[in-house]
4 protein chains.
Amino acid sequence: MPLSPQQQAEVEALRAEARETRRVTVPALEDILYRPLKVLDHGFVRVVDYMGDDSAIVQAARVSYGRGTRKSREGRDLIRYLLRHRHTTPFEMCEIKLHVKLPIFVARQWLRHRTASVNEYSARYSRLDREFYVPDAAHLRSALKKRDSTLTLFEMETDAPKATAAQSDSNKQGRGALVDSEELGKALKRIDRLSRNAYGVYENLLNEDEAGERKEPEHTGVARELARTVLPVNYYTQFYWKSDLHNLLHFLSLRADAHAQYEIRAYAQTILDDIVGRWVPETAWAFRDYVRDAASLSSRGLEVVKRMIDGETVTREESGLSGREWRELMETLGREA
Amino acid sequence: MPLSPQQQAEVEALRAEARETRRVTVPALEDILYRPLKVLDHGFVRVVDYMGDDSAIVQAARVSYGRGTRKSREGRDLIRYLLRHRHTTPFEMCEIKLHVKLPIFVARQWLRHRTASVNEYSARYSRLDREFYVPDAAHLRSALKKRDSTLTLFEMETDAPKATAAQSDSNKQGRGALVDSEELGKALKRIDRLSRNAYGVYENLLNEDEAGERKEPEHTGVARELARTVLPVNYYTQFYWKSDLHNLLHFLSLRADAHAQYEIRAYAQTILDDIVGRWVPETAWAFRDYVRDAASLSSRGLEVVKRMIDGETVTREESGLSGREWRELMETLGREA
Amino acid sequence: MPLSPQQQAEVEALRAEARETRRVTVPALEDILYRPLKVLDHGFVRVVDYMGDDSAIVQAARVSYGRGTRKSREGRDLIRYLLRHRHTTPFEMCEIKLHVKLPIFVARQWLRHRTASVNEYSARYSRLDREFYVPDAAHLRSALKKRDSTLTLFEMETDAPKATAAQSDSNKQGRGALVDSEELGKALKRIDRLSRNAYGVYENLLNEDEAGERKEPEHTGVARELARTVLPVNYYTQFYWKSDLHNLLHFLSLRADAHAQYEIRAYAQTILDDIVGRWVPETAWAFRDYVRDAASLSSRGLEVVKRMIDGETVTREESGLSGREWRELMETLGREA
Amino acid sequence: MPLSPQQQAEVEALRAEARETRRVTVPALEDILYRPLKVLDHGFVRVVDYMGDDSAIVQAARVSYGRGTRKSREGRDLIRYLLRHRHTTPFEMCEIKLHVKLPIFVARQWLRHRTASVNEYSARYSRLDREFYVPDAAHLRSALKKRDSTLTLFEMETDAPKATAAQSDSNKQGRGALVDSEELGKALKRIDRLSRNAYGVYENLLNEDEAGERKEPEHTGVARELARTVLPVNYYTQFYWKSDLHNLLHFLSLRADAHAQYEIRAYAQTILDDIVGRWVPETAWAFRDYVRDAASLSSRGLEVVKRMIDGETVTREESGLSGREWRELMETLGREA
């Protein structure tokens, strides 16, 4: 369970209080306010505060004195128009504040996004909990890598199969189920054992037992800021993260994408489906249509499409596209490369 | 009056609706929500939305599960500590959205601050109102400049009186009241007449009368995006502006300062006194004590102070300070230079 | 001529000095360093400094110790891959510093882009020159607007012709050539006369003649910061503007676009063609292919395209697209709507 | 040695090439260009590129056509004035690009600064080296913590000794030299052993030996993106980091400060002393005087100082300051609390 009983009680105490406000409210989001949405084995996301709704976007686009609009169809059409044409500033008028608990290596990817506000739990001043991430067998298996995949990011480009190819279907043939299961089991045990050992060393360095009592009374222990350096990046941390809707959507477009690492994708998917969908349903819908599921065609890719519509048979050679680009285009169009 | 009767009605309609929320609320700020606070002759600031309060800062500093703290003294002390030691990220956890109407030349200064979100009324697509700023006599007088003040910003530095010196006491002797009044009257008339003429040209270019009717039926008129280029920078524009509290305080520290131009200072003062004071009273109090009214001493300035406390008489020559720095230090200490 | 003889001499003096450096250099960009590229009637853009080249992007993508790569084809492929897949951070590793002279209304659009560094000439401290923008007849004509175009941004969306439609072909029928010429001539004269008058008022308020001499010896004049408020937004200002390549390309994607106002587009086009093309030719090429001339298809638009390739006849009704979206899609595909 | 022989050769190859440029150059910085400056046990900082110098700041402050100024005293005075009065935008006109190798826990603190551009080595795609940070005995000793220091950040405020107090002199009495040495030795061994073990597990998960050969031929190994999750945060990573001078100085004001953790301070100190001092010597000098070694007095603290200069004896009680603030003020003034 992601929260301790005491934390759970604090959350429910907050939820029990109702106040009056003249501000815009979103009942569907209030329904889940403060409550943790579980992600991975010990992580969560919970909404702590929010500002604005779909109508605030409309209001900003028109710089009006009243609410955005009364007629919902007009609002929807405008939101779709704004997102389609990349008029992004009105989406900055909505803001959301999340509390996220996540492994350090996920936090490292997350905080590359520089446009949000962050307050992270400090391992300099506070003791970390014994909580670390172990992938479940299914995800570990799907991420098993082909041994000779020594491709660098750069080599990826020159039409070779890409670095993450090891995780793709084409590489699965090489592994028998039996072998996998044996290797999987070992891998999971290794991750678990090393992580536990690390916490033991952490406690020894702090000279503290689980209850916070001194283990060796005659010793002082090492400062938290140094003791924590032995903990692996699969240990959990947590932060408050506050972002406007435009930058949140940009984050989601990169992190809810199939190319993102599974673990951060799990957080992004929860935010998109369970939070954004409740908060700004019109925007969430337009986002899926115009951003997440949209396709981009290069000028030469567009020429190929025009010729194909005219009934021509186009080959890669005459298209002017590289092998990689050609494959990407055919994949977009749902055709054999 | 800054709002038209219709706009006023829209504002009151919004204020009349009360909704339930589980979020933090600030009743003192709700009291003025949506209502314009008058600034200058035709301008205003009004709060359109907000997120968080003083307790949200405390909560972020501790990354807690519940509210910041129940005991107000502890919260106050922590807020003061954070602000004093420039731990600024917790202040980013509060957000406010303003609707501001202001002269273009003030908007130009305002939007130099790049950390906020903005949606401005578009003079490309919409017609501007016939509203322009004319300083009142008192402010025009206090900004009357000494004729031979050809100082550049750079020359300001080399211990000469500064460029804005014309507006300082030392220059007032040169002007008799009579002269001033005559010149003042002329200046005000010139500003008013030119501004009106500009609007006439604007309407002629648009080929529209006040009611939006075509003036010369056989002509089409010039596009709005070009017609507006004849309007002076004292014309009013408006925008929605959304900022977190940390960046708002930074804005106020520069724009509520005596060195800021009077017109933007008038807006900053209203925001500080009538909005921030209601919204986050503990923070507003700490801001005045540790930022607005605080003094910074250079390492050499500090040496001078230490010696003075020890009863020594220190002269500028032995202080190692430039003439300008010495004067600034003595002014800080409330002593004759 | 955009520069005075003295400024021209300063520029040539800078150009005459050659220094040794171990940094990456771009000879094609050095060729135009410091020299103003003329834009509009009195404006310019000139490159004052730069950092990095195409190879710096490659280097950053691989975090290598040496230069990006020796083999230019590999570098090109990687740059194309990065831009196509929106891996934008390596493009932040190149930086350019421009000196721009431009009308105030263009500067206002320009500075909406918040990710660059700016130092603007201060009309609070310095006197502005008598230089203002008057559109040439061709651009004023193409921007002549249809009288009853009272569309708001919002109404644009609901499948009505868009607000800038006044500038489109469909509206030209209403105007006879003769009428236009008469109206054009009047419009140009009105803009010119108002702008000149404004400068006269500015000088009267300052109580300064062209040579900076006091006009009325017994008066002091108004402070610069207030006198300048009567100048229209077609007056020229200037700033230093420093941006990384990623944010510059984002600026260009919006401002070199056909929907941008002509005047800012003129600057963007000069930067793209005459500066970026010299500085980072591989990136400029990839930018045109994958961003400027690329097309975005929504998920439903993509379905339509797939069906058309399969030889189906698709109608708007069954496409699920709005009328506006359908027209946009057909335009993209170069077909009748 | 921080670089391998091959990397060293690449660096020297780059250094051997001299090119001509019309841009501003800084010979003192060119002297160390590309060369690693060693920090901690395996880390480094090296300058990879730069733009501008002290004169670029002056030029931006004046928006001039030529170089900033010829007379160095005027430039110095202006730089000091700008820094003293927090006119920060001209300092954004200089840019520097560093290549940094550092432990992950230091990188995590570093990247909280959101205003720079970063490209980090990717452990998703590339294998990490077996390099981890072990503090030397002196720093581990000085960071030994008092056992019962369970203070939270919040409790720090209410006039209790602060959380990091464990590292301060007052706590040293409790530890005999002998005890320390024994505990130190154990702590160092524990950190080293756990870190080595973790790398062993990493290689086992990857199923790769040191040479990159498959350890168990019949198994495929786990994907890099998951295998790396067992590595502790003391492992080294590296990134390119590009920042303007203003934001670099802000970074240094926080990270070269005595309250920063030793490890990041070591990097900040190297940047300030060995890089900024060479690059923009006037600015570095002003920064030390007006920022790093400056003192800030609250409005009430200033009142106390004024009274002390007047010869009054002021007590904490009548000062209105909290106990903590009083101690901070007395420390600033170099007096007994």
# chains A, B, ... in the order shown; residues from 1 in each chain; ligands from 1
>>> residues_around(residues="segment 105-109 of chain C", least_positions_apart="4", cutoff="9 Å", atoms="only C-alpha atoms", output="list of chain:residue names")
B:Arg108, B:Arg228, B:Thr229, C:Lys101, C:His113, C:Pro232, C:Val233, C:Asn234, C:Tyr235, C:Tyr236, C:Thr237, C:Gln238, C:Phe239, C:Gln261, C:Glu263, C:Ile264
>>> interface_residues(of="chain D", to="chain C", cutoff="9 Å", atoms="only C-alpha atoms", output="PDB file with N, CA, C and O atoms, in the first residue's frame")
ATOM      1  N   GLN D   7      40.927   9.546 -25.070  1.00  0.00           N
ATOM      2  CA  GLN D   7      40.232  10.815 -24.858  1.00  0.00           C
ATOM      3  C   GLN D   7      41.233  11.958 -24.783  1.00  0.00           C
ATOM      4  O   GLN D   7      41.025  13.034 -25.336  1.00  0.00           O
ATOM      5  N   GLN D   8      42.338  11.695 -24.056  1.00  0.00           N
ATOM      6  CA  GLN D   8      43.400  12.700 -23.931  1.00  0.00           C
ATOM      7  C   GLN D   8      43.905  13.114 -25.322  1.00  0.00           C
ATOM      8  O   GLN D   8      44.100  14.296 -25.602  1.00  0.00           O
ATOM      9  N   ALA D   9      44.059  12.116 -26.165  1.00  0.00           N
ATOM     10  CA  ALA D   9      44.563  12.395 -27.519  1.00  0.00           C
ATOM     11  C   ALA D   9      43.564  13.236 -28.301  1.00  0.00           C
ATOM     12  O   ALA D   9      43.935  14.167 -29.025  1.00  0.00           O
ATOM     13  N   GLU D  10      42.281  12.941 -28.138  1.00  0.00           N
ATOM     14  CA  GLU D  10      41.262  13.729 -28.832  1.00  0.00           C
ATOM     15  C   GLU D  10      41.294  15.181 -28.372  1.00  0.00           C
ATOM     16  O   GLU D  10      41.157  16.100 -29.182  1.00  0.00           O
ATOM     17  N   VAL D  11      41.448  15.356 -27.061  1.00  0.00           N
ATOM     18  CA  VAL D  11      41.512  16.713 -26.505  1.00  0.00           C
ATOM     19  C   VAL D  11      42.705  17.469 -27.068  1.00  0.00           C
ATOM     20  O   VAL D  11      42.589  18.625 -27.512  1.00  0.00           O
ATOM     21  N   ALA D  13      44.304  16.916 -29.802  1.00  0.00           N
ATOM     22  CA  ALA D  13      44.120  17.161 -31.234  1.00  0.00           C
ATOM     23  C   ALA D  13      43.283  18.421 -31.456  1.00  0.00           C
ATOM     24  O   ALA D  13      43.601  19.263 -32.310  1.00  0.00           O
ATOM     25  N   LEU D  14      42.240  18.565 -30.652  1.00  0.00           N
ATOM     26  CA  LEU D  14      41.401  19.761 -30.776  1.00  0.00           C
ATOM     27  C   LEU D  14      42.192  21.011 -30.418  1.00  0.00           C
ATOM     28  O   LEU D  14      42.070  22.057 -31.061  1.00  0.00           O
ATOM     29  N   ARG D  15      43.008  20.903 -29.363  1.00  0.00           N
ATOM     30  CA  ARG D  15      43.773  22.059 -28.904  1.00  0.00           C
ATOM     31  C   ARG D  15      44.819  22.492 -29.927  1.00  0.00           C
ATOM     32  O   ARG D  15      45.219  23.661 -29.976  1.00  0.00           O
ATOM     33  N   ALA D  16      45.282  21.537 -30.721  1.00  0.00           N
ATOM     34  CA  ALA D  16      46.372  21.844 -31.653  1.00  0.00           C
ATOM     35  C   ALA D  16      45.909  22.708 -32.830  1.00  0.00           C
ATOM     36  O   ALA D  16      46.718  23.380 -33.463  1.00  0.00           O
ATOM     37  N   GLU D  17      44.614  22.693 -33.096  1.00  0.00           N
ATOM     38  CA  GLU D  17      44.112  23.466 -34.236  1.00  0.00           C
ATOM     39  C   GLU D  17      43.832  24.914 -33.838  1.00  0.00           C
ATOM     40  O   GLU D  17      43.162  25.154 -32.855  1.00  0.00           O
ATOM     41  N   ALA D  18      44.378  25.846 -34.616  1.00  0.00           N
ATOM     42  CA  ALA D  18      44.075  27.262 -34.378  1.00  0.00           C
ATOM     43  C   ALA D  18      43.315  27.798 -35.580  1.00  0.00           C
ATOM     44  O   ALA D  18      43.661  27.505 -36.718  1.00  0.00           O
ATOM     45  N   ARG D  19      42.261  28.575 -35.310  1.00  0.00           N
ATOM     46  CA  ARG D  19      41.460  29.131 -36.395  1.00  0.00           C
ATOM     47  C   ARG D  19      41.376  30.639 -36.217  1.00  0.00           C
ATOM     48  O   ARG D  19      41.598  31.150 -35.128  1.00  0.00           O
ATOM     49  N   GLU D  20      41.030  31.307 -37.293  1.00  0.00           N
ATOM     50  CA  GLU D  20      40.835  32.760 -37.217  1.00  0.00           C
ATOM     51  C   GLU D  20      39.380  33.074 -36.943  1.00  0.00           C
ATOM     52  O   GLU D  20      38.485  32.410 -37.462  1.00  0.00           O
ATOM     53  N   THR D  21      39.168  34.107 -36.149  1.00  0.00           N
ATOM     54  CA  THR D  21      37.791  34.536 -35.894  1.00  0.00           C
ATOM     55  C   THR D  21      37.743  36.040 -35.741  1.00  0.00           C
ATOM     56  O   THR D  21      38.723  36.677 -35.342  1.00  0.00           O
ATOM     57  N   ARG D  22      36.577  36.614 -36.066  1.00  0.00           N
ATOM     58  CA  ARG D  22      36.346  38.045 -35.824  1.00  0.00           C
ATOM     59  C   ARG D  22      35.647  38.261 -34.494  1.00  0.00           C
ATOM     60  O   ARG D  22      35.388  39.391 -34.097  1.00  0.00           O
ATOM     61  N   ARG D  23      35.290  37.172 -33.829  1.00  0.00           N
ATOM     62  CA  ARG D  23      34.571  37.287 -32.562  1.00  0.00           C
ATOM     63  C   ARG D  23      35.509  37.706 -31.435  1.00  0.00           C
ATOM     64  O   ARG D  23      36.740  37.604 -31.545  1.00  0.00           O
ATOM     65  N   VAL D  24      34.917  38.128 -30.341  1.00  0.00           N
ATOM     66  CA  VAL D  24      35.665  38.389 -29.116  1.00  0.00           C
ATOM     67  C   VAL D  24      36.336  37.091 -28.669  1.00  0.00           C
ATOM     68  O   VAL D  24      35.711  36.032 -28.712  1.00  0.00           O
ATOM     69  N   THR D  25      37.586  37.149 -28.256  1.00  0.00           N
ATOM     70  CA  THR D  25      38.256  35.969 -27.716  1.00  0.00           C
ATOM     71  C   THR D  25      38.823  36.293 -26.335  1.00  0.00           C
ATOM     72  O   THR D  25      39.082  37.453 -26.014  1.00  0.00           O
ATOM     73  N   VAL D  26      39.038  35.266 -25.530  1.00  0.00           N
ATOM     74  CA  VAL D  26      39.614  35.427 -24.200  1.00  0.00           C
ATOM     75  C   VAL D  26      40.822  34.489 -24.089  1.00  0.00           C
ATOM     76  O   VAL D  26      40.671  33.311 -23.755  1.00  0.00           O
ATOM     77  N   PRO D  27      42.015  34.998 -24.381  1.00  0.00           N
ATOM     78  CA  PRO D  27      43.206  34.135 -24.400  1.00  0.00           C
ATOM     79  C   PRO D  27      43.400  33.325 -23.117  1.00  0.00           C
ATOM     80  O   PRO D  27      43.776  32.152 -23.188  1.00  0.00           O
ATOM     81  N   GLU D  30      41.196  30.440 -23.431  1.00  0.00           N
ATOM     82  CA  GLU D  30      41.662  29.546 -24.505  1.00  0.00           C
ATOM     83  C   GLU D  30      42.789  28.650 -23.999  1.00  0.00           C
ATOM     84  O   GLU D  30      42.924  27.498 -24.431  1.00  0.00           O
ATOM     85  N   LEU D  33      41.213  25.619 -22.671  1.00  0.00           N
ATOM     86  CA  LEU D  33      40.090  25.075 -23.437  1.00  0.00           C
ATOM     87  C   LEU D  33      40.241  23.564 -23.662  1.00  0.00           C
ATOM     88  O   LEU D  33      41.342  23.097 -23.985  1.00  0.00           O
ATOM     89  N   TYR D  34      39.169  22.859 -23.467  1.00  0.00           N
ATOM     90  CA  TYR D  34      39.063  21.401 -23.674  1.00  0.00           C
ATOM     91  C   TYR D  34      39.741  20.581 -22.571  1.00  0.00           C
ATOM     92  O   TYR D  34      39.465  19.390 -22.430  1.00  0.00           O
ATOM     93  N   VAL D  48      34.303  23.673 -22.979  1.00  0.00           N
ATOM     94  CA  VAL D  48      34.260  23.179 -24.350  1.00  0.00           C
ATOM     95  C   VAL D  48      34.029  24.316 -25.339  1.00  0.00           C
ATOM     96  O   VAL D  48      34.442  24.247 -26.482  1.00  0.00           O
ATOM     97  N   ASP D  49      33.360  25.379 -24.901  1.00  0.00           N
ATOM     98  CA  ASP D  49      33.129  26.527 -25.773  1.00  0.00           C
ATOM     99  C   ASP D  49      32.705  27.704 -24.894  1.00  0.00           C
ATOM    100  O   ASP D  49      32.311  27.510 -23.734  1.00  0.00           O
ATOM    101  N   TYR D  50      32.786  28.912 -25.437  1.00  0.00           N
ATOM    102  CA  TYR D  50      32.347  30.090 -24.691  1.00  0.00           C
ATOM    103  C   TYR D  50      31.977  31.181 -25.683  1.00  0.00           C
ATOM    104  O   TYR D  50      32.390  31.142 -26.856  1.00  0.00           O
ATOM    105  N   MET D  51      31.206  32.158 -25.229  1.00  0.00           N
ATOM    106  CA  MET D  51      30.812  33.310 -26.045  1.00  0.00           C
ATOM    107  C   MET D  51      30.856  34.558 -25.173  1.00  0.00           C
ATOM    108  O   MET D  51      30.271  34.568 -24.091  1.00  0.00           O
ATOM    109  N   GLY D  52      31.564  35.591 -25.658  1.00  0.00           N
ATOM    110  CA  GLY D  52      31.578  36.870 -24.960  1.00  0.00           C
ATOM    111  C   GLY D  52      32.653  36.961 -23.885  1.00  0.00           C
ATOM    112  O   GLY D  52      33.318  35.977 -23.549  1.00  0.00           O
ATOM    113  N   ALA D  60      26.156  45.301 -23.999  1.00  0.00           N
ATOM    114  CA  ALA D  60      24.720  45.031 -23.891  1.00  0.00           C
ATOM    115  C   ALA D  60      24.025  46.087 -23.043  1.00  0.00           C
ATOM    116  O   ALA D  60      22.894  46.486 -23.330  1.00  0.00           O
ATOM    117  N   ALA D  61      24.696  46.546 -22.000  1.00  0.00           N
ATOM    118  CA  ALA D  61      24.091  47.531 -21.118  1.00  0.00           C
ATOM    119  C   ALA D  61      23.873  48.856 -21.851  1.00  0.00           C
ATOM    120  O   ALA D  61      22.981  49.623 -21.510  1.00  0.00           O
ATOM    121  N   ARG D  62      24.686  49.108 -22.875  1.00  0.00           N
ATOM    122  CA  ARG D  62      24.567  50.364 -23.601  1.00  0.00           C
ATOM    123  C   ARG D  62      23.922  50.190 -24.967  1.00  0.00           C
ATOM    124  O   ARG D  62      23.691  51.175 -25.661  1.00  0.00           O
ATOM    125  N   VAL D  63      23.679  48.960 -25.418  1.00  0.00           N
ATOM    126  CA  VAL D  63      23.164  48.695 -26.769  1.00  0.00           C
ATOM    127  C   VAL D  63      23.942  49.531 -27.782  1.00  0.00           C
ATOM    128  O   VAL D  63      23.399  50.390 -28.468  1.00  0.00           O
ATOM    129  N   SER D  64      25.231  49.279 -27.858  1.00  0.00           N
ATOM    130  CA  SER D  64      26.093  50.043 -28.751  1.00  0.00           C
ATOM    131  C   SER D  64      26.398  49.250 -30.017  1.00  0.00           C
ATOM    132  O   SER D  64      26.102  48.070 -30.110  1.00  0.00           O
ATOM    133  N   TYR D  65      26.994  49.914 -30.966  1.00  0.00           N
ATOM    134  CA  TYR D  65      27.309  49.272 -32.238  1.00  0.00           C
ATOM    135  C   TYR D  65      28.708  48.673 -32.246  1.00  0.00           C
ATOM    136  O   TYR D  65      29.007  47.735 -32.954  1.00  0.00           O
ATOM    137  N   GLY D  66      29.593  49.264 -31.466  1.00  0.00           N
ATOM    138  CA  GLY D  66      30.969  48.779 -31.443  1.00  0.00           C
ATOM    139  C   GLY D  66      31.196  47.890 -30.238  1.00  0.00           C
ATOM    140  O   GLY D  66      30.269  47.307 -29.684  1.00  0.00           O
ATOM    141  N   ARG D  67      32.455  47.765 -29.825  1.00  0.00           N
ATOM    142  CA  ARG D  67      32.759  46.970 -28.648  1.00  0.00           C
ATOM    143  C   ARG D  67      32.263  47.720 -27.407  1.00  0.00           C
ATOM    144  O   ARG D  67      31.974  48.912 -27.464  1.00  0.00           O
ATOM    145  N   THR D  89      20.294  41.398 -16.661  1.00  0.00           N
ATOM    146  CA  THR D  89      20.184  40.944 -18.050  1.00  0.00           C
ATOM    147  C   THR D  89      21.472  41.079 -18.868  1.00  0.00           C
ATOM    148  O   THR D  89      21.733  40.212 -19.697  1.00  0.00           O
ATOM    149  N   PRO D  90      22.293  42.119 -18.684  1.00  0.00           N
ATOM    150  CA  PRO D  90      23.525  42.144 -19.497  1.00  0.00           C
ATOM    151  C   PRO D  90      24.431  40.928 -19.266  1.00  0.00           C
ATOM    152  O   PRO D  90      25.166  40.527 -20.168  1.00  0.00           O
ATOM    153  N   GLU D  92      23.477  37.991 -19.034  1.00  0.00           N
ATOM    154  CA  GLU D  92      22.963  36.864 -19.825  1.00  0.00           C
ATOM    155  C   GLU D  92      23.588  36.830 -21.216  1.00  0.00           C
ATOM    156  O   GLU D  92      23.386  35.874 -21.961  1.00  0.00           O
ATOM    157  N   MET D  93      24.311  37.887 -21.593  1.00  0.00           N
ATOM    158  CA  MET D  93      24.863  37.966 -22.942  1.00  0.00           C
ATOM    159  C   MET D  93      26.134  37.135 -23.118  1.00  0.00           C
ATOM    160  O   MET D  93      26.631  36.983 -24.231  1.00  0.00           O
ATOM    161  N   GLU D  95      27.998  33.382 -22.563  1.00  0.00           N
ATOM    162  CA  GLU D  95      27.553  31.984 -22.491  1.00  0.00           C
ATOM    163  C   GLU D  95      28.761  31.062 -22.395  1.00  0.00           C
ATOM    164  O   GLU D  95      29.807  31.334 -22.994  1.00  0.00           O
ATOM    165  N   ILE D  96      28.628  29.966 -21.650  1.00  0.00           N
ATOM    166  CA  ILE D  96      29.737  29.016 -21.541  1.00  0.00           C
ATOM    167  C   ILE D  96      29.193  27.593 -21.594  1.00  0.00           C
ATOM    168  O   ILE D  96      28.072  27.329 -21.151  1.00  0.00           O
ATOM    169  N   LYS D  97      29.992  26.718 -22.173  1.00  0.00           N
ATOM    170  CA  LYS D  97      29.582  25.313 -22.308  1.00  0.00           C
ATOM    171  C   LYS D  97      30.632  24.435 -21.646  1.00  0.00           C
ATOM    172  O   LYS D  97      31.802  24.477 -22.018  1.00  0.00           O
ATOM    173  N   HIS D  99      31.831  20.541 -19.989  1.00  0.00           N
ATOM    174  CA  HIS D  99      31.663  19.088 -19.962  1.00  0.00           C
ATOM    175  C   HIS D  99      32.024  18.679 -18.539  1.00  0.00           C
ATOM    176  O   HIS D  99      33.125  18.957 -18.074  1.00  0.00           O
ATOM    177  N   SER D 117      21.120  24.476 -20.383  1.00  0.00           N
ATOM    178  CA  SER D 117      20.875  23.404 -21.341  1.00  0.00           C
ATOM    179  C   SER D 117      21.748  22.211 -20.982  1.00  0.00           C
ATOM    180  O   SER D 117      22.917  22.389 -20.640  1.00  0.00           O
ATOM    181  N   VAL D 118      21.208  21.007 -21.099  1.00  0.00           N
ATOM    182  CA  VAL D 118      21.922  19.813 -20.654  1.00  0.00           C
ATOM    183  C   VAL D 118      21.785  18.681 -21.654  1.00  0.00           C
ATOM    184  O   VAL D 118      20.704  18.447 -22.184  1.00  0.00           O
ATOM    185  N   ASN D 119      22.887  17.994 -21.922  1.00  0.00           N
ATOM    186  CA  ASN D 119      22.833  16.708 -22.592  1.00  0.00           C
ATOM    187  C   ASN D 119      23.630  15.732 -21.755  1.00  0.00           C
ATOM    188  O   ASN D 119      24.852  15.852 -21.666  1.00  0.00           O
ATOM    189  N   GLU D 120      22.933  14.775 -21.160  1.00  0.00           N
ATOM    190  CA  GLU D 120      23.592  13.823 -20.277  1.00  0.00           C
ATOM    191  C   GLU D 120      23.825  12.501 -21.000  1.00  0.00           C
ATOM    192  O   GLU D 120      23.037  12.077 -21.849  1.00  0.00           O
ATOM    193  N   TYR D 121      24.900  11.851 -20.629  1.00  0.00           N
ATOM    194  CA  TYR D 121      25.231  10.503 -21.099  1.00  0.00           C
ATOM    195  C   TYR D 121      24.078   9.585 -20.717  1.00  0.00           C
ATOM    196  O   TYR D 121      23.602   9.624 -19.580  1.00  0.00           O
ATOM    197  N   SER D 122      23.609   8.782 -21.659  1.00  0.00           N
ATOM    198  CA  SER D 122      22.408   7.990 -21.403  1.00  0.00           C
ATOM    199  C   SER D 122      22.731   6.572 -20.986  1.00  0.00           C
ATOM    200  O   SER D 122      23.287   5.791 -21.756  1.00  0.00           O
ATOM    201  N   GLN D 238      28.022  11.863 -16.682  1.00  0.00           N
ATOM    202  CA  GLN D 238      28.625  13.053 -17.269  1.00  0.00           C
ATOM    203  C   GLN D 238      27.625  13.751 -18.168  1.00  0.00           C
ATOM    204  O   GLN D 238      26.693  13.147 -18.679  1.00  0.00           O
ATOM    205  N   PHE D 239      27.804  15.068 -18.301  1.00  0.00           N
ATOM    206  CA  PHE D 239      26.927  15.817 -19.203  1.00  0.00           C
ATOM    207  C   PHE D 239      27.639  17.039 -19.762  1.00  0.00           C
ATOM    208  O   PHE D 239      28.635  17.502 -19.216  1.00  0.00           O
ATOM    209  N   TYR D 240      27.101  17.487 -20.893  1.00  0.00           N
ATOM    210  CA  TYR D 240      27.404  18.827 -21.377  1.00  0.00           C
ATOM    211  C   TYR D 240      26.415  19.771 -20.712  1.00  0.00           C
ATOM    212  O   TYR D 240      25.216  19.450 -20.631  1.00  0.00           O
ATOM    213  N   TRP D 241      26.893  20.891 -20.260  1.00  0.00           N
ATOM    214  CA  TRP D 241      26.040  21.842 -19.540  1.00  0.00           C
ATOM    215  C   TRP D 241      26.358  23.235 -20.052  1.00  0.00           C
ATOM    216  O   TRP D 241      27.498  23.674 -19.987  1.00  0.00           O
ATOM    217  N   LYS D 242      25.355  23.909 -20.573  1.00  0.00           N
ATOM    218  CA  LYS D 242      25.571  25.221 -21.186  1.00  0.00           C
ATOM    219  C   LYS D 242      24.694  26.240 -20.465  1.00  0.00           C
ATOM    220  O   LYS D 242      23.487  26.047 -20.329  1.00  0.00           O
TER     221      LYS D 242
END
>>> closest_residue(among="D:His219, D:Arg196, D:Arg335, D:His259", to="His85 of chain B", atoms="only C-alpha atoms")
D:His259
>>> residues_around(residues="Ile79 of chain D", least_positions_apart="3", cutoff="7 Å", atoms="only C-alpha atoms", output="ChimeraX atom specification")
/D:58,75-76,82-83,283
>>> select_by_dssp(residues="segment 3-53 of chain D", states="alpha helix (DSSP H)", output="ChimeraX atom specification")
/D:5-16,27-30
>>> atom_distance(atom1="atom CA of Gly221 of chain C", atom2="atom CA of Ala143 of chain B")
9.4 Å
>>> closest_residue(among="B:Leu128, B:Asp77, B:Leu29, B:Ile57", to="Gly323 of chain D", atoms="only C-alpha atoms")
B:Asp77
